[in-house]
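Undergrad: First, the structure itself, so that you have it in front of you.
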Amino acid sequence: MLTSQRKALLLDRLRRDGQIVAKSLADDLGLSEDTIRRDLREMAAEKLLKRVHGGALPLSPALPDFTARQAVSSDAKRRLGAYAASMIQPGQTVFLDGGTTNAEIARQLPRDLAVTIVTHSPTIAGELEHHPLAEVILIGGKLYKHSMVATGAITMAAIASIRADIFFLGATAIHPARGFSTGDFEEAAIKRHIAQCSAETYVLATSEKLDAASPCQILPLQSVSGLIMPAEVPDASLAPYRDKEIQIFLA
């Protein structure tokens, strides 16, 4: 087997299983473990995967601060926000997670929509200043500045008292095997708790978040009602997610 063929197979296994165990894969392919490890080292240098003891994991996305993220894929985020806003019906209670993509949902909400918006993000709440018919419930707690959201026990307790019709969840990374994930343990727990307290959960994501995994899992793929992606994402990139029977909406 050529080196390029082995590396393509390694990437396919990594995408399918969410990890590579060098010894097991070497046994499966009838190759030496040293060969697999050498391939993994080279692929890690090419930034195709993350090398760990005994194998490899998908790359973890970089974590720029909130201000820097506002300029990333801004057009796609506006379209995602508009699509999500169109799903909201008058009289509903909607929980908006933090993040720059979800901020676009708040910006795209019609000014005459009577709705209750719940959020643990002061940034999201501020976007709704000029929506006279929107009741805004801001949940407090310890501020996690990277995402500009509240976390901690106080936040968890307040969330438990609310039942949202829709929760728009933000995730740092999405992977067919590892599901939705983020970089902070407490933030992941808050997101998971909101989903458990909501009737439906949808995830808005731009293409760079696909096939990546952050350290802290939020939910498996099948735990959400749907994934909202930009229309230009290739069908081949979405195929592994459709294979998991997750509903995908294109904006």
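Quick note on naming: the chains in the structure tokens go A, B, ... in the order shown, residues restart at 1 in each chain, and ligands are numbered from 1 in order of appearance.
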Do you know which residues are at most 12 Å from His53 (chain A) counting only C-alpha atoms, after dropping those on the same chain fewer than 4 positions away, and could you put them as an MDAnalysis selection string?

TA: chainID A and resid 19:23 37 40:41 57

Undergrad: If you count only C-alpha atoms, which residues fall within 10 Å of Met156 (chain A), apart from same-chain ones fewer than 2 positions away, as a short mmCIF file (atom, residue, chain, number, x, y, z; two decimals) with N, CA, C and O atoms, in the first residue's frame?

TA:
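Final file, result39.cif:
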```cif
data_model
loop_
_atom_site.label_atom_id
_atom_site.label_comp_id
_atom_site.auth_asym_id
_atom_site.auth_seq_id
_atom_site.Cartn_x
_atom_site.Cartn_y
_atom_site.Cartn_z
N ILE A 139 -29.94 35.27 32.23
CA ILE A 139 -29.52 34.40 33.34
C ILE A 139 -28.08 34.74 33.72
O ILE A 139 -27.20 34.84 32.84
N GLY A 140 -27.85 34.91 35.00
CA GLY A 140 -26.53 35.31 35.47
C GLY A 140 -25.68 34.16 35.97
O GLY A 140 -26.09 32.99 35.96
N GLY A 141 -24.50 34.50 36.44
CA GLY A 141 -23.56 33.52 36.96
C GLY A 141 -22.15 34.01 36.77
O GLY A 141 -21.91 35.20 36.54
N ALA A 150 -22.62 33.06 30.98
CA ALA A 150 -22.57 32.75 32.41
C ALA A 150 -22.45 31.24 32.61
O ALA A 150 -23.04 30.45 31.86
N THR A 151 -21.70 30.85 33.62
CA THR A 151 -21.55 29.44 33.97
C THR A 151 -21.64 29.30 35.49
O THR A 151 -21.69 30.29 36.22
N GLY A 152 -21.66 28.06 35.96
CA GLY A 152 -21.63 27.81 37.39
C GLY A 152 -22.96 27.32 37.95
O GLY A 152 -23.96 27.19 37.24
N ALA A 153 -22.98 27.09 39.27
CA ALA A 153 -24.14 26.50 39.94
C ALA A 153 -25.36 27.40 39.87
O ALA A 153 -26.49 26.92 39.70
N ILE A 154 -25.17 28.71 40.01
CA ILE A 154 -26.31 29.65 39.96
C ILE A 154 -26.97 29.59 38.58
O ILE A 154 -28.20 29.57 38.46
N ALA A 158 -30.91 28.32 37.66
CA ALA A 158 -31.87 29.18 36.96
C ALA A 158 -32.38 28.51 35.68
O ALA A 158 -33.58 28.57 35.36
N ILE A 159 -31.50 27.85 34.97
CA ILE A 159 -31.89 27.17 33.73
C ILE A 159 -32.91 26.07 34.02
O ILE A 159 -33.85 25.85 33.25
N ALA A 160 -32.75 25.39 35.15
CA ALA A 160 -33.64 24.28 35.50
C ALA A 160 -35.09 24.72 35.68
O ALA A 160 -36.00 23.89 35.60
N SER A 161 -35.31 26.01 35.91
CA SER A 161 -36.67 26.51 36.14
C SER A 161 -37.37 26.93 34.85
O SER A 161 -38.51 27.39 34.89
N ALA A 189 -21.14 21.62 30.16
CA ALA A 189 -22.18 21.16 31.09
C ALA A 189 -23.41 22.07 31.03
O ALA A 189 -24.55 21.58 31.07
N ILE A 190 -23.19 23.37 30.92
CA ILE A 190 -24.31 24.32 30.83
C ILE A 190 -25.10 24.08 29.54
O ILE A 190 -26.34 24.02 29.55
N LYS A 191 -24.40 23.93 28.43
CA LYS A 191 -25.07 23.69 27.15
C LYS A 191 -25.90 22.40 27.20
O LYS A 191 -27.04 22.36 26.71
N HIS A 193 -27.16 20.99 29.80
CA HIS A 193 -28.29 21.20 30.72
C HIS A 193 -29.42 21.97 30.04
O HIS A 193 -30.60 21.63 30.19
N ILE A 194 -29.07 22.99 29.25
CA ILE A 194 -30.10 23.74 28.53
C ILE A 194 -30.83 22.83 27.56
O ILE A 194 -32.06 22.87 27.45
#
```

Undergrad: Point out the residue among A:Gly99, A:Gly183, A:Gln196, A:Met87 with the least atom-to-atom distance to Gly226 (chain A), counting only C-alpha atoms.

TA: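 Among A:Gly99, A:Gly183, A:Gln196, A:Met87, it is A:Met87 that comes nearest to Gly226 (chain A).
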
Undergrad: Given the choices A:Ile174, A:Thr123, A:Arg78, A:Ile137, which gets closest to Ile162 (chain A) if the distance is worked out from only C-alpha atoms?

TA: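 Checking each of A:Ile174, A:Thr123, A:Arg78, A:Ile137 against Ile162 (chain A), counting only C-alpha atoms, the winner is A:Ile137.
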
Undergrad: Rank nothing, just name the residue among A:Pro61, A:Pro132, A:Gly179, A:Gly98 nearest to Met148 (chain A), using only C-alpha atoms.

TA: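 Among the listed residues, the smallest separation from Met148 (chain A) belongs to A:Gly98.
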
Undergrad: Contacts of region 209-220 of chain A at 9 Å or less, counting only C-alpha atoms, minus same-chain residues fewer than 2 places along, as JSON, numbers by chain?

TA: {"A": [15, 18, 57, 58, 59, 60, 61, 171, 172, 173, 174, 175, 176, 177, 178, 179, 180, 181, 182, 183, 184, 185, 186, 187, 188, 189, 190, 191, 192, 195, 205, 206, 207, 222, 223, 224, 237, 238]}

Undergrad: Using only C-alpha atoms, find the one residue out of A:Phe168, A:Phe95, A:Tyr144, A:Tyr241 that sits nearest to Leu204 (chain A).

TA: A:Phe168

Undergrad: Taking only C-alpha atoms into account, name the residue in A:Asp17, A:Asp165, A:Glu104, A:Glu42 that is nearest to Pro90 (chain A).

TA: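 Closest residue, counting only C-alpha atoms: A:Asp165.
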
Undergrad: Determine the nearest neighbour of Ser198 (chain A) from the options A:Leu96, A:Ala125, A:Ala103, A:Met229, counting only C-alpha atoms.

TA: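 Selected residue with least distance to Ser198 (chain A): A:Leu96.
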
Undergrad: So which residues touch Val149 (chain A) within 8 Å, counting only C-alpha atoms, skipping near sequence neighbours fewer than 2 positions away, as a list in words?

TA: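 In the requested format, the answer is Asp97, Gly98, His120, Ser121, Pro122, Leu143, Tyr144, Lys145, Ser147 and Thr151 of chain A.
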
Undergrad: To test your reading of the structure, identify every residue in region 81-208 of chain A that backbone DSSP assigns to strand (DSSP E), and report it as a JSON list (two decimals) with C-alpha atoms, in the first residue's frame.

TA:
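And here is the file that came out, result-v6.json:
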```json
[["chain", "number", "residue", "atom", "x", "y", "z"],
["A", 93, "THR", "CA", -39.86, 30.72, 24.56],
["A", 94, "VAL", "CA", -36.48, 30.49, 22.86],
["A", 95, "PHE", "CA", -33.11, 29.91, 24.53],
["A", 96, "LEU", "CA", -30.19, 31.50, 22.69],
["A", 115, "VAL", "CA", -41.43, 36.19, 21.84],
["A", 116, "THR", "CA", -39.59, 35.35, 25.06],
["A", 117, "ILE", "CA", -35.83, 35.11, 24.62],
["A", 118, "VAL", "CA", -33.83, 33.45, 27.38],
["A", 119, "THR", "CA", -30.05, 33.70, 27.31],
["A", 134, "ALA", "CA", -39.41, 40.61, 22.91],
["A", 135, "GLU", "CA", -39.30, 39.75, 26.59],
["A", 136, "VAL", "CA", -35.69, 39.08, 27.51],
["A", 137, "ILE", "CA", -34.66, 36.89, 30.43],
["A", 138, "LEU", "CA", -30.95, 37.18, 31.19],
["A", 142, "LYS", "CA", -19.80, 33.45, 36.61],
["A", 143, "LEU", "CA", -18.82, 35.02, 33.28],
["A", 144, "TYR", "CA", -16.79, 32.80, 30.95],
["A", 149, "VAL", "CA", -21.71, 33.43, 28.77],
["A", 150, "ALA", "CA", -22.57, 32.75, 32.41],
["A", 151, "THR", "CA", -21.55, 29.44, 33.97],
["A", 164, "ALA", "CA", -37.80, 26.48, 26.27],
["A", 165, "ASP", "CA", -39.58, 25.53, 23.05],
["A", 166, "ILE", "CA", -36.35, 25.83, 21.06],
["A", 167, "PHE", "CA", -32.71, 25.97, 22.08],
["A", 168, "PHE", "CA", -30.17, 27.21, 19.55],
["A", 169, "LEU", "CA", -26.93, 25.58, 20.66],
["A", 173, "ALA", "CA", -16.59, 21.45, 16.87],
["A", 174, "ILE", "CA", -18.76, 18.78, 15.22],
["A", 175, "HIS", "CA", -17.64, 15.22, 14.48],
["A", 179, "GLY", "CA", -20.73, 14.66, 18.32],
["A", 180, "PHE", "CA", -20.85, 18.30, 19.43],
["A", 181, "SER", "CA", -18.04, 19.58, 21.62],
["A", 182, "THR", "CA", -16.44, 22.69, 23.05],
["A", 198, "SER", "CA", -35.69, 22.36, 26.03],
["A", 199, "ALA", "CA", -38.24, 20.72, 23.75],
["A", 200, "GLU", "CA", -36.01, 20.99, 20.65],
["A", 201, "THR", "CA", -32.34, 21.76, 20.10],
["A", 202, "TYR", "CA", -30.82, 23.04, 16.85],
["A", 203, "VAL", "CA", -27.15, 23.70, 16.13],
["A", 204, "LEU", "CA", -25.97, 26.48, 13.79]]
```

Undergrad: So which bits of region 54-139 of chain A end up helix (DSSP H, G or I) when you DSSP the backbone, as a VMD selection string?

TA: chain A and resid 66 to 69 74 to 86 100 to 108 122 to 127

Undergrad: Just how far from CA of Leu29 (chain A) is CA of Leu2 (chain A), in Å to one decimal?

TA: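 Distance reported for this atom pair: 12.7 Å.
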
Undergrad: What's the 12 Å shell around Ser4 (chain A), counting only C-alpha atoms, without same-chain residues fewer than 4 positions away, as a list of chain:residue names?

TA: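 Within the cut-off, the hits are A:Ala8, A:Leu9, A:Leu10, A:Leu11, A:Asp39, A:Glu42, A:Met43.
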
Undergrad: Give me the residues within 8 Å of Arg111 (chain A) as a CSV table (one decimal) with N, CA and C atoms, in the first residue's frame, counting only C-alpha atoms and dropping any in the same chain fewer than 4 places off.

TA:
```csv
chain,number,residue,atom,x,y,z
A,130,HIS,N,-33.6,46.9,21.0
A,130,HIS,CA,-34.6,47.6,20.2
A,130,HIS,C,-35.7,46.7,19.7
A,131,HIS,N,-36.0,45.6,20.4
A,131,HIS,CA,-37.1,44.7,20.0
A,131,HIS,C,-38.2,44.9,21.1
A,132,PRO,N,-39.1,45.8,20.9
A,132,PRO,CA,-40.0,46.2,22.0
A,132,PRO,C,-41.0,45.0,22.4
A,133,LEU,N,-41.2,44.1,21.5
A,133,LEU,CA,-42.2,43.0,21.9
A,133,LEU,C,-41.5,41.7,22.4
```
